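Below: the structure, in structure tokens.
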Amino acid sequence: MGMTKDEAWAAAEQGVVVDMKDLTGVNADVERVDVDVLLTSQPDTFNLMLLAIEAMQQDGSNLGWFQIAGIHGYPTVLWDDVNKSNRTWDNNDKKFGSMGGYCAHGRLTFGPWHRPYLALLEQTIYRNMVTIAGKYTNADVKARYLAAAQKFRLPYIDYFRARAAGHNVTRRNITENDIRDPDGDPDRDPRAAEPAKFEYDFGLPDIFMKPEVTIKRFPNDEPKTADNPLYTYQFSDKTGELQQGDKERLADYGSTKMTIRCPSLVGDKRKSAKTHGNHQLNYNLNWSVQDRVSLLLSFMRDHPYRTFEAVGSDELVRGDFTKVASIPGGRPSGSLENLHNTYHNLIGFAGHMGDPQYAAFDPVFWFHHANIDRYFALWQAANPHDADHPERWFPAPTDPKQTYDGEKPLYPFYKRRDGPGEGDYWTSDDVQQTSVLGYVYDDFSRMAKLNQTVPEYMGKRYDWATRKPDSSILADMPIPLLSSAVEASPLFHPPPPKTSPGVSNSVRLAPMLPPSAPIVPLNAIDPRFDRDWYVDSRVKRMAANGTFTIYFFLSPKGALPDAEPARYASSPYLVGMHHVFTSRREGCDNCAEAEEEGKLSVGTAPITGALLRYLEDEVEGGEGVESMRPEHVGPFLEERLRWRVVFHGFDRKDPREAGLQLKIGVSAKVYHDEGEPTYEEYPEVVDRILEAASAVASV
């Protein structure tokens, strides 16, 4: 603890990012937990958090919701005059001007930059919680809420924690045209029109899906129905004004009045959405979840991902991604940033969360990023940076005159503020450990209790949701479901009868911890399942001057809804995507530099789960694959693998356009009975697809 409580409070009021231990006066790193865990086990803390976020969304100051969210993208103004020398593109003079944004996407600073960003919001929520707790008139109630505020840290959304059991989802916009070819023949895959059936529901937690909740308000602790501040953010000129051009672009993402997730994409309705497309959103999150779990576990376990350059960013740092041998150990082109980008698209899909210029206005952004920071912290714990392992952090500059990236300031996050735009700033080296900001993730106490390493812990917690190299069958879930407790929360029910002052209506639950059963070792590798398969991609980051997506399908010829690219996300043939999450050069210095330097973005789409659905003994007509071996998967991909490029959610582009610099690869992780997995690439598969492609139509 470096400051007194009063000093930390005064600094935080000026926008300085401080250690939460100093701010709270409690010398302990409080745990960040999953959002449903906080909701069910600390209901008073959760209630206060909602009230604090509600207050921030009505605050037009530098520490209100609009201004803090705007650090990530729009509005194209400086936050507290920080870094006036930043460059941005002047479209009139066709040169770089003197004002820009602070985005850190596509750089190795991606993870470190978002760490103090989350901390700024976290401490601002906390200060509002304390202020609100002081407004309750009953002394016991006030004391209870002040104690609850001390326990607050920003919760995360664990995307691989099932929210409920037994879940059926019908894909949105499935029509007869989706399941029949133009000649009226039965669909080649009869399952296309069936509801998507998931044994467990990995959708967004309920608290983000309900327009209204019941909140206990000051001064009398009375429960009242209110708009849910986690459902959306309402744009208002009273709290912050976007420039006219920025407002006009808002409409492209569903609404100019509120943040929207998965908006309707049919004609003009796309620009006037009033509710989220929750049905599509939950389908998106459940779709291919086991492949995303498997990819995350690879980051934590596999040798090729033990360097910061390999896992920290979707920037192509070195080597040809299609030749895995060019990077020691070989690797596909996945990264934590790439996984992060995918979830932005799955949640937003042409809504505000899908574009970095507006994403931070959506309340779900912050809980999503807390989870990405959690993954980053776990990866760091599995791969500690020290003198013997310099490759686990930023590489040394090639030019001795250059500033080491780890020491560059993470604008606009003050470490000390001397005035507007003046002071010292946090650096990546400063935030290597989360404890300097006063928080830790609950995974670490579980690991300590079970005496497990990060790979052991992550395997025990999430391996159940993936297929194994000795079997394609999922295992039993070790993480307790909280669905009943969540449904019972007073937040989701009308106000109950009044109780005596000082008595909480909260639901109290025993701690929810996973069982401590030992990890079950793999059996001998089954040759049928000895590979995980990926479609890798490389593309020019600024090709669209904004966000865009490469979609991958396992589809019969002519079965994709090419006349309506907005329907690609609900196609039954979709197996993966590479979402390039970047802002426009006009309002982002980093993006303008990326364009000037010709930066490339790389991504990987794991497709093993999709391939397993086509195992020959599970597909009518024998049109599937016999095994995961290359002699069976290769020909299947040559026949069915197709890709499409879509700018800004709905504008389809020809993948062969020179400006894209698009390159596709196919690779696999190969499991062995002894030793670590290895990676192989299969360039001949893509070569044959391109050779067979029509000269007119893209593949």
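By order in the structure tokens, chains are A, B, ...; within a chain, residues start at 1; ligands start at 1, following the order shown.
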
Name all residues at most 10 Å from stretch 362-372 of chain A (count only C-alpha atoms; drop same-chain ones fewer than 4 positions away) and give them as a count of residues only. 51

Quick one: everything within 7 Å of A:Tyr439, counting only C-alpha atoms, minus sequence neighbours fewer than 3 positions away in the same chain. Send it as a VMD selection string. chain A and resid 29 to 32 434 to 435

Can you measure atom CA of A:Ala360 to atom CA of A:Phe235 for me? One decimal in Å is fine. 12.5 Å

Write out as a PyMOL selection string which residues come within 10 Å of A:Gly438 when counting only C-alpha atoms, dropping same-chain ones fewer than 6 positions away. chain A and resi 1+18-24+26-31+119+153
